[in-house]
file structure_17.cif (mmCIF, C-alpha atoms)
data_run
loop_
_atom_site.label_atom_id
_atom_site.label_comp_id
_atom_site.auth_asym_id
_atom_site.auth_seq_id
_atom_site.Cartn_x
_atom_site.Cartn_y
_atom_site.Cartn_z
CA MET A 1 -61.56 62.84 42.63
CA GLY A 2 -63.41 66.01 41.56
CA ARG A 3 -65.12 66.61 38.26
CA ARG A 4 -62.89 67.75 35.41
CA ARG A 5 -63.21 71.48 34.77
CA ALA A 6 -62.29 73.58 31.75
CA PRO A 7 -60.63 76.97 32.34
CA GLU A 8 -62.77 80.02 31.69
CA LEU A 9 -61.06 82.15 29.06
CA TYR A 10 -63.46 85.09 28.91
CA ARG A 11 -66.85 86.23 30.19
CA ALA A 12 -68.98 88.59 28.08
CA PRO A 13 -71.73 90.94 29.33
CA PHE A 14 -74.30 89.10 27.19
CA PRO A 15 -75.18 85.51 26.15
CA LEU A 16 -72.77 84.13 23.55
CA TYR A 17 -74.06 82.28 20.47
CA ALA A 18 -71.34 82.29 17.80
CA LEU A 19 -67.58 81.86 17.63
CA GLN A 20 -64.80 82.20 15.02
CA VAL A 21 -60.98 82.22 15.18
CA ASP A 22 -58.89 84.24 12.73
CA PRO A 23 -55.70 82.28 11.98
CA SER A 24 -53.62 85.21 10.70
CA THR A 25 -54.11 87.55 13.66
CA GLY A 26 -54.91 85.05 16.41
CA LEU A 27 -58.18 86.85 17.15
CA LEU A 28 -60.98 84.99 18.89
CA ILE A 29 -64.31 86.50 17.80
CA ALA A 30 -67.32 85.87 20.04
CA ALA A 31 -70.79 87.27 19.36
CA GLY A 32 -74.26 87.27 20.87
CA GLY A 33 -76.61 89.47 22.83
CA GLY A 34 -80.02 89.81 24.38
CA GLY A 35 -81.87 90.70 21.17
CA ALA A 36 -84.40 93.46 20.66
CA ALA A 37 -86.15 92.93 24.02
CA LYS A 38 -85.64 95.87 26.39
CA THR A 39 -83.98 93.82 29.12
CA GLY A 40 -80.85 95.93 29.43
CA ILE A 41 -78.71 93.16 27.90
CA LYS A 42 -76.60 94.56 25.08
CA ASN A 43 -75.78 93.02 21.69
CA GLY A 44 -72.30 92.89 20.27
CA VAL A 45 -69.31 91.21 18.66
CA HIS A 46 -66.20 90.99 20.84
CA PHE A 47 -62.72 90.66 19.36
CA LEU A 48 -60.34 88.94 21.78
CA GLN A 49 -56.56 88.86 21.43
CA LEU A 50 -55.08 85.44 22.23
CA GLU A 51 -51.63 85.34 23.83
CA GLN A 52 -49.33 82.92 25.61
CA ILE A 53 -48.57 84.35 29.06
CA ASN A 54 -46.40 82.37 31.47
CA GLY A 55 -47.07 79.22 29.49
CA ARG A 56 -50.86 79.64 29.56
CA LEU A 57 -53.23 80.71 26.81
CA SER A 58 -54.93 83.98 27.74
CA ALA A 59 -57.55 86.20 26.08
CA SER A 60 -57.98 89.96 26.45
CA LEU A 61 -60.67 92.21 25.01
CA LEU A 62 -59.28 94.15 22.05
CA HIS A 63 -62.46 95.65 20.64
CA SER A 64 -66.19 95.59 21.33
CA HIS A 65 -68.48 96.23 18.36
CA ASP A 66 -72.03 97.26 19.28
CA THR A 67 -74.73 95.69 17.08
CA GLU A 68 -77.50 97.87 18.55
CA THR A 69 -80.79 95.93 18.82
CA ARG A 70 -79.63 92.84 16.87
CA ALA A 71 -78.11 89.81 18.53
CA THR A 72 -75.65 87.84 16.38
CA MET A 73 -76.71 84.18 16.35
CA ASN A 74 -74.31 82.71 13.75
CA LEU A 75 -70.99 83.72 12.19
CA ALA A 76 -68.81 82.85 9.22
CA LEU A 77 -65.28 84.18 8.59
CA ALA A 78 -63.52 84.86 5.28
CA GLY A 79 -60.20 86.68 5.69
CA ASN A 80 -61.09 89.92 7.46
CA ILE A 81 -64.80 89.79 6.57
CA LEU A 82 -67.42 88.43 8.95
CA ALA A 83 -70.90 87.34 7.90
CA ALA A 84 -73.18 87.74 10.92
CA GLY A 85 -76.66 86.27 11.13
CA GLN A 86 -78.85 88.79 12.95
CA ASP A 87 -82.56 87.93 13.13
CA ALA A 88 -83.74 87.60 9.49
CA HIS A 89 -80.71 89.41 8.06
CA CYS A 90 -77.07 88.79 7.18
CA GLN A 91 -74.72 91.66 8.01
CA LEU A 92 -71.20 91.81 6.56
CA LEU A 93 -68.50 93.33 8.79
CA ARG A 94 -64.92 94.18 7.85
CA PHE A 95 -62.33 94.36 10.62
CA GLN A 96 -58.74 95.63 10.41
CA THR A 97 -55.89 95.60 12.89
CA HIS A 98 -53.07 98.12 12.84
CA GLN A 99 -50.38 99.47 15.12
CA GLN A 100 -51.59 101.97 17.66
CA LYS A 101 -50.44 105.54 17.04
CA GLY A 102 -48.72 107.62 19.68
CA LYS A 103 -51.03 109.05 22.31
CA THR A 104 -51.22 112.47 23.87
CA LYS A 105 -50.44 112.94 27.54
CA ALA A 106 -54.14 113.29 28.32
CA GLU A 107 -54.89 109.99 26.56
CA LYS A 108 -52.03 108.28 28.40
CA ALA A 109 -53.37 109.57 31.69
CA GLY A 110 -56.78 108.20 30.73
CA CYS A 111 -55.23 104.82 30.03
CA LYS A 112 -53.59 104.79 33.46
CA GLU A 113 -56.94 105.44 35.07
CA GLN A 114 -58.46 102.49 33.25
CA GLY A 115 -55.92 100.08 34.73
CA PRO A 116 -54.68 96.80 33.24
CA ARG A 117 -56.44 94.78 30.60
CA GLN A 118 -58.96 92.36 31.96
CA ARG A 119 -57.76 88.76 31.96
CA LYS A 120 -58.96 85.70 33.73
CA GLY A 121 -57.59 85.92 37.24
CA ALA A 122 -57.16 89.71 37.13
CA ALA A 123 -59.47 92.18 38.84
CA PRO A 124 -62.36 93.11 36.52
CA VAL A 125 -62.45 96.60 35.11
CA GLU A 126 -65.71 98.52 34.82
CA LYS A 127 -66.40 99.41 31.17
CA LYS A 128 -69.35 100.84 29.35
CA SER A 129 -70.91 98.26 27.07
CA GLY A 130 -69.89 98.85 23.48
CA ALA A 131 -66.74 100.71 24.51
CA GLU A 132 -63.48 99.95 22.75
CA THR A 133 -60.57 98.35 24.58
CA HIS A 134 -57.06 98.33 23.10
CA GLN A 135 -54.24 95.89 23.53
CA GLU A 136 -51.01 97.79 23.93
CA GLY A 137 -49.54 98.51 20.49
CA ILE A 138 -52.53 97.14 18.52
CA GLU A 139 -55.89 98.65 17.71
CA LEU A 140 -58.82 97.28 15.74
CA SER A 141 -61.56 98.95 13.73
CA VAL A 142 -64.80 97.44 12.44
CA GLU A 143 -66.80 98.67 9.46
CA ASN A 144 -70.38 97.72 8.60
CA LEU A 145 -70.64 96.66 4.97
CA GLN A 146 -73.74 95.38 3.18
CA ALA A 147 -76.75 93.80 4.89
CA VAL A 148 -79.57 91.80 3.32
CA GLN A 149 -82.68 89.93 4.45
CA THR A 150 -82.04 86.21 4.02
CA ASP A 151 -85.19 84.59 5.44
CA PHE A 152 -88.84 85.30 4.64
CA SER A 153 -90.93 82.96 6.79
CA PRO A 154 -93.76 84.35 8.96
CA ASP A 155 -91.29 84.34 11.86
CA PRO A 156 -88.10 84.95 9.84
CA PHE A 157 -84.75 83.88 11.26
CA GLN A 158 -81.38 83.08 9.65
CA LYS A 159 -80.02 79.91 11.27
CA VAL A 160 -76.75 79.33 9.38
CA VAL A 161 -74.27 81.07 7.09
CA CYS A 162 -71.06 79.87 5.42
CA PHE A 163 -68.58 80.99 2.75
CA ASN A 164 -67.44 78.93 -0.23
CA HIS A 165 -63.81 77.81 -0.60
CA ASP A 166 -62.56 81.00 -2.32
CA ASN A 167 -64.73 83.40 -0.27
CA THR A 168 -66.50 84.82 -3.34
CA LEU A 169 -69.94 83.48 -2.35
CA LEU A 170 -71.82 82.82 0.85
CA ALA A 171 -74.80 80.59 1.50
CA THR A 172 -77.57 81.21 4.03
CA GLY A 173 -80.38 79.05 5.38
CA GLY A 174 -83.17 79.67 7.82
CA THR A 175 -86.66 78.88 9.01
CA ASP A 176 -88.33 79.16 5.58
CA GLY A 177 -86.38 76.15 4.22
CA TYR A 178 -84.75 78.07 1.36
CA VAL A 179 -81.05 78.16 0.51
CA ARG A 180 -79.90 81.49 -0.86
CA ILE A 181 -76.47 82.13 -2.41
CA TRP A 182 -75.01 85.65 -2.39
CA LYS A 183 -72.02 87.37 -3.97
CA VAL A 184 -69.38 88.76 -1.59
CA PRO A 185 -69.19 91.61 -0.70
CA SER A 186 -72.10 93.06 -2.71
CA LEU A 187 -74.63 90.50 -1.35
CA GLU A 188 -76.24 90.29 -4.76
CA LYS A 189 -78.42 87.16 -4.83
CA VAL A 190 -77.28 84.62 -7.43
CA LEU A 191 -79.36 81.55 -6.51
CA GLU A 192 -82.43 80.64 -4.46
CA PHE A 193 -84.18 77.28 -4.06
CA ARG A 194 -86.32 75.33 -1.60
CA ALA A 195 -84.12 72.74 0.08
CA HIS A 196 -86.33 71.46 2.92
CA GLU A 197 -89.92 71.33 4.06
CA GLY A 198 -89.42 73.29 7.24
CA GLU A 199 -86.34 74.80 8.86
CA ILE A 200 -82.80 74.38 7.59
CA GLU A 201 -80.68 73.38 10.57
CA ASP A 202 -77.22 73.50 8.98
CA LEU A 203 -75.41 73.63 5.64
CA ALA A 204 -71.87 73.12 4.36
CA LEU A 205 -70.20 74.18 1.09
CA GLY A 206 -67.50 71.95 -0.39
CA PRO A 207 -64.63 73.11 -2.63
CA ASN A 208 -66.13 71.20 -5.58
CA GLY A 209 -69.23 73.39 -5.53
CA LYS A 210 -71.43 70.81 -3.82
CA LEU A 211 -73.69 71.96 -1.01
CA VAL A 212 -74.96 69.77 1.83
CA THR A 213 -78.07 70.82 3.77
CA VAL A 214 -79.80 69.26 6.77
CA GLY A 215 -83.27 70.17 7.99
CA TRP A 216 -86.14 69.49 10.35
CA ASP A 217 -87.81 67.29 7.72
CA LEU A 218 -85.33 64.54 8.79
CA LYS A 219 -83.47 64.82 5.46
CA ALA A 220 -79.87 65.52 4.51
CA SER A 221 -79.41 66.48 0.86
CA VAL A 222 -76.48 67.07 -1.49
CA TRP A 223 -76.94 69.77 -4.13
CA GLN A 224 -75.09 70.98 -7.22
CA LYS A 225 -76.41 74.50 -7.49
CA ASP A 226 -80.21 73.96 -7.23
CA GLN A 227 -80.17 70.37 -8.52
CA LEU A 228 -80.53 67.53 -6.03
CA VAL A 229 -77.59 65.12 -6.41
CA THR A 230 -78.43 62.62 -3.68
CA GLN A 231 -79.82 62.24 -0.19
CA LEU A 232 -77.83 60.86 2.72
CA HIS A 233 -78.90 57.66 4.50
CA TRP A 234 -76.81 57.26 7.63
CA GLN A 235 -78.51 54.07 8.82
CA GLU A 236 -77.51 52.03 5.74
CA ASN A 237 -74.46 50.65 7.54
CA GLY A 238 -75.43 51.60 11.06
CA PRO A 239 -78.04 51.02 13.76
CA THR A 240 -81.75 50.96 12.96
CA PHE A 241 -84.52 52.23 15.22
CA SER A 242 -88.02 51.55 13.96
CA ASN A 243 -89.74 53.57 16.68
CA THR A 244 -87.22 56.43 17.06
CA PRO A 245 -87.06 58.99 14.24
CA TYR A 246 -83.72 60.79 13.98
CA ARG A 247 -82.88 64.06 12.30
CA TYR A 248 -79.59 65.55 11.19
CA GLN A 249 -78.41 68.29 13.54
CA ALA A 250 -75.14 69.43 11.93
CA CYS A 251 -72.90 68.88 8.88
CA ARG A 252 -69.28 69.88 8.22
CA PHE A 253 -66.68 69.12 5.56
CA GLY A 254 -63.16 68.32 6.69
CA GLN A 255 -59.87 67.46 5.04
CA VAL A 256 -58.51 63.93 5.11
CA PRO A 257 -55.23 64.23 7.09
CA ASP A 258 -52.16 63.92 4.84
CA GLN A 259 -54.46 63.88 1.77
CA PRO A 260 -55.34 67.55 1.19
CA THR A 261 -57.15 66.87 -2.08
CA ARG A 262 -59.66 64.52 -0.43
CA LEU A 263 -62.61 65.45 1.78
CA ARG A 264 -64.79 63.79 4.34
CA LEU A 265 -68.22 64.93 5.43
CA PHE A 266 -69.23 64.63 9.07
CA THR A 267 -72.82 64.70 10.33
CA VAL A 268 -74.50 64.48 13.73
CA GLN A 269 -77.82 62.66 14.15
CA ILE A 270 -80.05 63.30 17.17
CA PRO A 271 -83.50 61.98 18.21
CA HIS A 272 -86.19 64.10 16.59
CA LYS A 273 -88.32 64.03 19.75
CA ARG A 274 -87.29 64.34 23.38
CA LEU A 275 -87.92 61.12 25.28
CA ARG A 276 -87.87 60.34 28.99
CA GLN A 277 -85.12 57.81 28.36
CA PRO A 278 -83.22 59.45 25.48
CA PRO A 279 -81.63 57.15 22.89
CA PRO A 280 -78.02 57.83 21.87
CA CYS A 281 -76.90 60.44 19.38
CA TYR A 282 -74.61 59.42 16.51
CA LEU A 283 -71.61 60.71 14.57
CA THR A 284 -71.18 59.65 10.94
CA ALA A 285 -68.20 60.07 8.62
CA TRP A 286 -68.95 60.08 4.87
CA ASP A 287 -66.84 59.85 1.76
CA GLY A 288 -66.66 63.42 0.44
CA SER A 289 -67.03 62.43 -3.21
CA THR A 290 -69.46 59.48 -3.23
CA PHE A 291 -71.35 60.54 -0.07
CA LEU A 292 -71.50 56.96 1.14
CA PRO A 293 -71.28 56.38 4.92
CA LEU A 294 -67.84 55.21 6.07
CA ARG A 295 -68.33 54.89 9.81
CA THR A 296 -71.03 55.60 12.39
CA LYS A 297 -70.53 55.62 16.15
CA SER A 298 -72.58 56.59 19.17
CA CYS A 299 -71.52 59.80 20.91
CA GLY A 300 -73.56 59.38 24.08
CA HIS A 301 -77.06 60.14 25.27
CA GLU A 302 -76.61 63.90 25.66
CA VAL A 303 -78.25 65.73 22.74
CA ILE A 304 -75.60 67.31 20.49
CA SER A 305 -76.04 71.03 19.80
CA CYS A 306 -73.00 71.95 17.65
CA LEU A 307 -70.12 70.46 15.65
CA SER A 308 -66.72 71.70 14.50
CA VAL A 309 -63.87 70.14 12.48
CA SER A 310 -60.23 71.11 13.00
CA GLU A 311 -58.35 72.75 10.15
CA SER A 312 -56.40 69.59 9.25
CA GLY A 313 -59.46 67.35 9.63
CA THR A 314 -57.83 65.45 12.50
CA PHE A 315 -60.30 66.30 15.29
CA LEU A 316 -64.02 66.86 15.80
CA GLY A 317 -65.42 69.11 18.51
CA LEU A 318 -68.91 68.63 19.95
CA GLY A 319 -71.09 70.65 22.31
CA THR A 320 -74.31 69.44 23.94
CA VAL A 321 -77.58 70.97 25.13
CA THR A 322 -76.61 70.07 28.70
CA GLY A 323 -73.36 72.05 28.48
CA SER A 324 -70.84 69.24 27.94
CA VAL A 325 -67.89 69.50 25.52
CA ALA A 326 -66.00 66.66 23.79
CA ILE A 327 -63.16 66.16 21.30
CA TYR A 328 -63.08 63.13 18.97
CA ILE A 329 -60.56 61.68 16.51
CA ALA A 330 -62.09 62.26 13.08
CA PHE A 331 -60.72 59.06 11.52
CA SER A 332 -61.95 56.55 14.13
CA LEU A 333 -64.68 58.68 15.83
CA GLN A 334 -63.04 57.78 19.15
CA ARG A 335 -63.51 60.21 22.03
CA LEU A 336 -60.31 61.70 23.42
CA TYR A 337 -61.58 64.46 25.72
CA TYR A 338 -64.80 65.09 27.61
CA VAL A 339 -65.97 67.61 30.22
CA LYS A 340 -69.45 66.93 31.57
CA GLU A 341 -71.62 70.04 31.90
CA ALA A 342 -68.66 72.37 31.36
CA HIS A 343 -71.12 75.23 30.89
CA GLY A 344 -74.17 73.86 32.68
CA ILE A 345 -76.39 75.15 29.87
CA VAL A 346 -76.64 74.63 26.10
CA VAL A 347 -73.32 75.01 24.24
CA THR A 348 -74.11 77.27 21.29
CA ASP A 349 -70.86 77.00 19.31
CA VAL A 350 -67.41 75.41 19.34
CA ALA A 351 -64.31 76.28 17.26
CA PHE A 352 -60.78 74.88 17.05
CA LEU A 353 -57.63 76.98 17.22
CA PRO A 354 -56.32 77.01 13.62
CA GLU A 355 -53.19 74.97 12.93
CA LYS A 356 -51.70 77.61 10.61
CA GLY A 357 -50.84 81.26 11.10
CA ARG A 358 -50.45 82.03 14.80
CA GLY A 359 -51.97 78.70 15.80
CA PRO A 360 -48.77 76.73 16.54
CA GLU A 361 -47.33 79.64 18.54
CA LEU A 362 -50.47 79.87 20.68
CA LEU A 363 -50.94 76.12 21.02
CA GLY A 364 -47.64 75.53 22.82
CA PHE A 365 -47.06 71.89 23.71
CA HIS A 366 -50.70 70.83 23.28
CA GLU A 367 -52.05 68.81 20.38
CA THR A 368 -55.15 70.92 19.83
CA ALA A 369 -57.28 73.59 21.51
CA LEU A 370 -61.07 73.89 21.32
CA PHE A 371 -63.05 76.97 22.35
CA SER A 372 -66.68 76.75 23.46
CA VAL A 373 -69.34 79.39 24.13
CA ALA A 374 -72.76 79.15 25.71
CA VAL A 375 -75.79 81.10 26.85
CA ASP A 376 -74.03 81.50 30.23
CA SER A 377 -71.89 84.26 28.57
CA ARG A 378 -68.66 82.30 29.09
CA CYS A 379 -65.98 81.27 26.64
CA GLN A 380 -64.05 78.21 27.80
CA LEU A 381 -60.79 76.66 26.68
CA HIS A 382 -60.36 72.91 26.16
CA LEU A 383 -56.76 71.73 25.70
CA LEU A 384 -55.80 68.28 24.47
CA PRO A 385 -52.30 67.32 25.69
CA SER A 386 -49.93 65.88 23.13
CA ARG A 387 -50.19 62.11 22.96
CA ARG A 388 -46.76 60.56 23.28
CA SER A 389 -45.90 58.20 20.45
CA VAL A 390 -42.93 55.89 19.90
CA PRO A 391 -41.17 56.26 16.50
CA VAL A 392 -41.53 53.27 14.16
CA TRP A 393 -37.73 52.90 13.83
CA LEU A 394 -37.42 52.56 17.61
CA LEU A 395 -40.12 49.86 17.70
CA LEU A 396 -38.29 47.93 14.97
CA LEU A 397 -35.01 48.27 16.86
CA LEU A 398 -36.62 46.95 20.04
CA CYS A 399 -38.09 43.97 18.16
CA VAL A 400 -34.70 43.10 16.68
CA GLY A 401 -33.10 43.42 20.12
CA LEU A 402 -35.69 41.09 21.68
CA ILE A 403 -35.13 38.49 18.95
CA VAL A 404 -31.33 38.60 19.46
CA MET A 405 -31.69 38.33 23.25
CA THR A 406 -34.06 35.37 22.89
CA ILE A 407 -31.61 33.54 20.63
CA VAL A 408 -28.70 34.20 23.03
CA LEU A 409 -30.70 32.92 26.02
CA LEU A 410 -31.79 29.80 24.17
CA GLN A 411 -28.20 29.15 23.11
CA GLY A 412 -27.08 29.46 26.75
CA VAL A 413 -29.80 27.12 28.06
CA PHE A 414 -29.61 24.61 25.20
CA PRO A 415 -26.02 24.43 23.88
CA GLY A 416 -25.97 23.53 20.26
CA PHE A 417 -29.39 25.14 19.72
CA LEU A 418 -27.96 26.78 16.62
#

call {"tool": "encode", "arguments": {"input": "structure_17.cif", "output": "structure tokens"}}
result
Amino acid sequence: MGRRRAPELYRAPFPLYALQVDPSTGLLIAAGGGGAAKTGIKNGVHFLQLEQINGRLSASLLHSHDTETRATMNLALAGNILAAGQDAHCQLLRFQTHQQKGKTKAEKAGCKEQGPRQRKGAAPVEKKSGAETHQEGIELSVENLQAVQTDFSPDPFQKVVCFNHDNTLLATGGTDGYVRIWKVPSLEKVLEFRAHEGEIEDLALGPNGKLVTVGWDLKASVWQKDQLVTQLHWQENGPTFSNTPYRYQACRFGQVPDQPTRLRLFTVQIPHKRLRQPPPCYLTAWDGSTFLPLRTKSCGHEVISCLSVSESGTFLGLGTVTGSVAIYIAFSLQRLYYVKEAHGIVVTDVAFLPEKGRGPELLGFHETALFSVAVDSRCQLHLLPSRRSVPVWLLLLLCVGLIVMTIVLLQGVFPGFL
């Protein structure tokens, strides 16, 4: 039996590093590039239209936004505004979709020369990098808004960006160890403080105003504005390794399913140093209000590179440095789906298809869909089939039926049993 393979949804003309999905429009936004080096590899943000075609999820290029000499390494989405981490800066982009206006005969002739939209399985169409491609009836425009430098280390680099719950603020972190909070869309700085000795690896903003940061100093901290609330200790109720230092690689808040007012925090812990025989990596679920560890489980010996939580908080998505992709149940931290070396190279980002907006229409009969991107320029699709479940009322009916049948059989074998 051959190795499980994930379908390739799209291939970009540059390495991909960041991924977002817009629930209202069903747009898949993938970004990356070759950076400032004169290698001939372009930099850009690609907007892909997701559609169900013949029962299969398909992606077609709707618009390509050229970012010139700056590769986008991280993304955050708030409505129709993107925050893109590009080197030491954060660039805000506003995108809008609208119905395509009628074309002239010359433009229609030009469209016929271009041929069909490029989809997986269709013949590729030669396009100039940075050119715009339209889906029939829909066009998209992108506007550059404000940009600001967010990292000031000797080798400055923004590593993470995220919006708060009402999209009025965004937080950035990078190699200088400082968290900076900015107003949206003016990018006026409202707060700045040193969170870690060394690089900030990830951060997450909760709806209660609390901020969680993880860094290369092996610490995970909870902040209220610039005041330290507590530090996380994942090994309190989990495994202990005296000779193996671990660091936090990623952190994400997620809803508690069926309890929208409650939150859980999820973190990934990986070995701080690469060893010949690598120890396992770990997933931990935390109470979102007390920040006490609820559950910790091993997630294998492949080093985790990225983490995502589904919109309802039901699933976790993981990517690894060896290119593998996995989906876990958030409540039990049980693995449901796994593709070994799906990309063959480090997975740089994963994102779930939203469960609202156009999500259910695009999902079809599957329980969830996870997208992954990597340095190999590919975007892959990972579908989790719906798990069949028996209704509780039917189980009760079957139990009652078995009890009745047992009594009837006993009465037949032993007359006078009752």

call {"tool": "closest_atom_pairs", "arguments": {"input": "structure_17.cif", "of": "stretch 155-230 of chain A", "to": "stretch 265-284 of chain A", "cutoff": "10 Å", "atoms": "all atoms listed in the file", "output": "Markdown table"}}
result
| residue | atom | partner | partner_atom | distance |
| --- | --- | --- | --- | --- |
| A:Asp202 | CA | A:Thr267 | CA | 9.9 |
| A:Ala204 | CA | A:Leu265 | CA | 9.0 |
| A:Gly206 | CA | A:Leu265 | CA | 9.1 |
| A:Val212 | CA | A:Leu265 | CA | 9.0 |
| A:Val214 | CA | A:Thr267 | CA | 9.1 |
| A:Trp216 | CA | A:His272 | CA | 8.2 |
| A:Asp217 | CA | A:His272 | CA | 9.6 |
| A:Leu218 | CA | A:His272 | CA | 7.9 |
| A:Ala220 | CA | A:Thr267 | CA | 9.2 |

call {"tool": "resolve_selection", "arguments": {"input": "structure_17.cif", "expression": "the PyMOL selection byres ((chain A and resi 350) around 10)", "output": "list in words"}}
result
Tyr17, Ala18, Leu19, Gln20, Ser305, Cys306, Leu307, Ser308, Val309, Leu316, Gly317, Leu318, Gly319, Val325, Ala326, Val347, Thr348, Asp349, Ala351, Phe352, Leu370, Phe371, Ser372, Val373, Ala374, Cys379, Gln380 and Leu381 of chain A

call {"tool": "resolve_selection", "arguments": {"input": "structure_17.cif", "expression": "the PyMOL selection byres ((chain A and resi 224) around 10)", "output": "list of chain:residue names"}}
result
A:Asn208, A:Gly209, A:Lys210, A:Leu211, A:Val212, A:Val222, A:Trp223, A:Lys225, A:Asp226, A:Gln227, A:Leu228, A:Val229, A:Thr230

call {"tool": "closest_residue", "arguments": {"input": "structure_17.cif", "among": "A:Gln86, A:Asn54, A:Ser298, A:Thr172", "to": "A:Gly32", "atoms": "only C-alpha atoms"}}
result
A:Gln86

call {"tool": "resolve_selection", "arguments": {"input": "structure_17.cif", "expression": "the PyMOL selection byres ((chain A and resi 180) around 9)", "output": "list in words"}}
result
Thr150, Asp151, Leu170, Ala171, Thr172, Gly173, Tyr178, Val179, Ile181, Trp182, Lys189, Val190, Leu191, Glu192, Phe193 and Arg194 of chain A

call {"tool": "write_last_selection", "arguments": {"input": "structure_17.cif", "atoms": "C-alpha atoms", "output": "PDB file, in the frame of the given file"}}
result
ATOM      1  CA  THR A 150     -82.040  86.210   4.020  1.00  0.00           C
ATOM      2  CA  ASP A 151     -85.190  84.590   5.440  1.00  0.00           C
ATOM      3  CA  LEU A 170     -71.820  82.820   0.850  1.00  0.00           C
ATOM      4  CA  ALA A 171     -74.800  80.590   1.500  1.00  0.00           C
ATOM      5  CA  THR A 172     -77.570  81.210   4.030  1.00  0.00           C
ATOM      6  CA  GLY A 173     -80.380  79.050   5.380  1.00  0.00           C
ATOM      7  CA  TYR A 178     -84.750  78.070   1.360  1.00  0.00           C
ATOM      8  CA  VAL A 179     -81.050  78.160   0.510  1.00  0.00           C
ATOM      9  CA  ILE A 181     -76.470  82.130  -2.410  1.00  0.00           C
ATOM     10  CA  TRP A 182     -75.010  85.650  -2.390  1.00  0.00           C
ATOM     11  CA  LYS A 189     -78.420  87.160  -4.830  1.00  0.00           C
ATOM     12  CA  VAL A 190     -77.280  84.620  -7.430  1.00  0.00           C
ATOM     13  CA  LEU A 191     -79.360  81.550  -6.510  1.00  0.00           C
ATOM     14  CA  GLU A 192     -82.430  80.640  -4.460  1.00  0.00           C
ATOM     15  CA  PHE A 193     -84.180  77.280  -4.060  1.00  0.00           C
ATOM     16  CA  ARG A 194     -86.320  75.330  -1.600  1.00  0.00           C
TER      17      ARG A 194
END

call {"tool": "closest_residue", "arguments": {"input": "structure_17.cif", "among": "A:Thr314, A:Thr72, A:Ser60, A:Asn144", "to": "A:Leu16", "atoms": "only C-alpha atoms"}}
result
A:Thr72

call {"tool": "closest_residue", "arguments": {"input": "structure_17.cif", "among": "A:Leu353, A:Leu75, A:Leu27, A:Ile403", "to": "A:Cys90", "atoms": "all atoms listed in the file"}}
result
A:Leu75

call {"tool": "atom_distance", "arguments": {"input": "structure_17.cif", "atom1": "atom CA of A:Arg264", "atom2": "atom CA of A:Ala250"}}
result
14.0 Å

call {"tool": "axis_aligned_box", "arguments": {"input": "structure_17.cif", "around": "stretch 355-359 of chain A", "padding_each_side": "8 Å", "output": "lines of an AutoDock Vina configuration file"}}
result
center_x = -51.8
center_y = 78.5
center_z = 13.2
size_x = 18.7
size_y = 23.1
size_z = 21.2

call {"tool": "closest_residue", "arguments": {"input": "structure_17.cif", "among": "A:Gln96, A:Tyr337, A:Arg358, A:Gly412", "to": "A:Ala6", "atoms": "all atoms listed in the file"}}
result
A:Tyr337

call {"tool": "atom_distance", "arguments": {"input": "structure_17.cif", "atom1": "atom CA of A:Tyr338", "atom2": "atom CA of A:Thr368"}}
result
13.7 Å

call {"tool": "residues_around", "arguments": {"input": "structure_17.cif", "residues": "A:Lys219", "least_positions_apart": "2", "cutoff": "10 Å", "atoms": "all atoms listed in the file", "output": "number ranges by chain"}}
result
A: 195-197, 200, 213-217, 221, 231-233, 246-248

call {"tool": "closest_residue", "arguments": {"input": "structure_17.cif", "among": "A:Ser332, A:Val321, A:Asp166, A:Arg378", "to": "A:Ala30", "atoms": "all atoms listed in the file"}}
result
A:Arg378

call {"tool": "residues_around", "arguments": {"input": "structure_17.cif", "residues": "A:Ala36", "least_positions_apart": "2", "cutoff": "12 Å", "atoms": "only C-alpha atoms", "output": "MDAnalysis selection string"}}
result
chainID A and resid 32:34 38:43 67:72 86:87

call {"tool": "closest_residue", "arguments": {"input": "structure_17.cif", "among": "A:Leu363, A:Leu140, A:Ala78, A:Ala31", "to": "A:His165", "atoms": "only C-alpha atoms"}}
result
A:Ala78

call {"tool": "atom_distance", "arguments": {"input": "structure_17.cif", "atom1": "atom CA of A:Phe157", "atom2": "atom CA of A:Leu93"}}
result
19.0 Å

call {"tool": "residues_near_point", "arguments": {"input": "structure_17.cif", "point": "(-56.3, 68.9, 5.7)", "cutoff": "8 Å", "atoms": "all atoms listed in the file", "output": "PDB file with C-alpha atoms, in the coordinates of the input"}}
result
ATOM      1  CA  GLY A 254     -63.160  68.320   6.690  1.00  0.00           C
ATOM      2  CA  GLN A 255     -59.870  67.460   5.040  1.00  0.00           C
ATOM      3  CA  VAL A 256     -58.510  63.930   5.110  1.00  0.00           C
ATOM      4  CA  PRO A 257     -55.230  64.230   7.090  1.00  0.00           C
ATOM      5  CA  ASP A 258     -52.160  63.920   4.840  1.00  0.00           C
ATOM      6  CA  GLN A 259     -54.460  63.880   1.770  1.00  0.00           C
ATOM      7  CA  PRO A 260     -55.340  67.550   1.190  1.00  0.00           C
ATOM      8  CA  GLU A 311     -58.350  72.750  10.150  1.00  0.00           C
ATOM      9  CA  SER A 312     -56.400  69.590   9.250  1.00  0.00           C
ATOM     10  CA  GLY A 313     -59.460  67.350   9.630  1.00  0.00           C
ATOM     11  CA  THR A 314     -57.830  65.450  12.500  1.00  0.00           C
TER      12      THR A 314
END

call {"tool": "residues_around", "arguments": {"input": "structure_17.cif", "residues": "A:Arg4", "least_positions_apart": "5", "cutoff": "10 Å", "atoms": "only C-alpha atoms", "output": "list in words"}}
result
Tyr338, Val339, Lys340, Glu341 and Ala342 of chain A

call {"tool": "write_last_selection", "arguments": {"input": "structure_17.cif", "atoms": "C-alpha atoms", "output": "short mmCIF file (atom, residue, chain, number, x, y, z; two decimals), in the frame of the given file"}}
result
data_model
loop_
_atom_site.label_atom_id
_atom_site.label_comp_id
_atom_site.auth_asym_id
_atom_site.auth_seq_id
_atom_site.Cartn_x
_atom_site.Cartn_y
_atom_site.Cartn_z
CA TYR A 338 -64.80 65.09 27.61
CA VAL A 339 -65.97 67.61 30.22
CA LYS A 340 -69.45 66.93 31.57
CA GLU A 341 -71.62 70.04 31.90
CA ALA A 342 -68.66 72.37 31.36
#
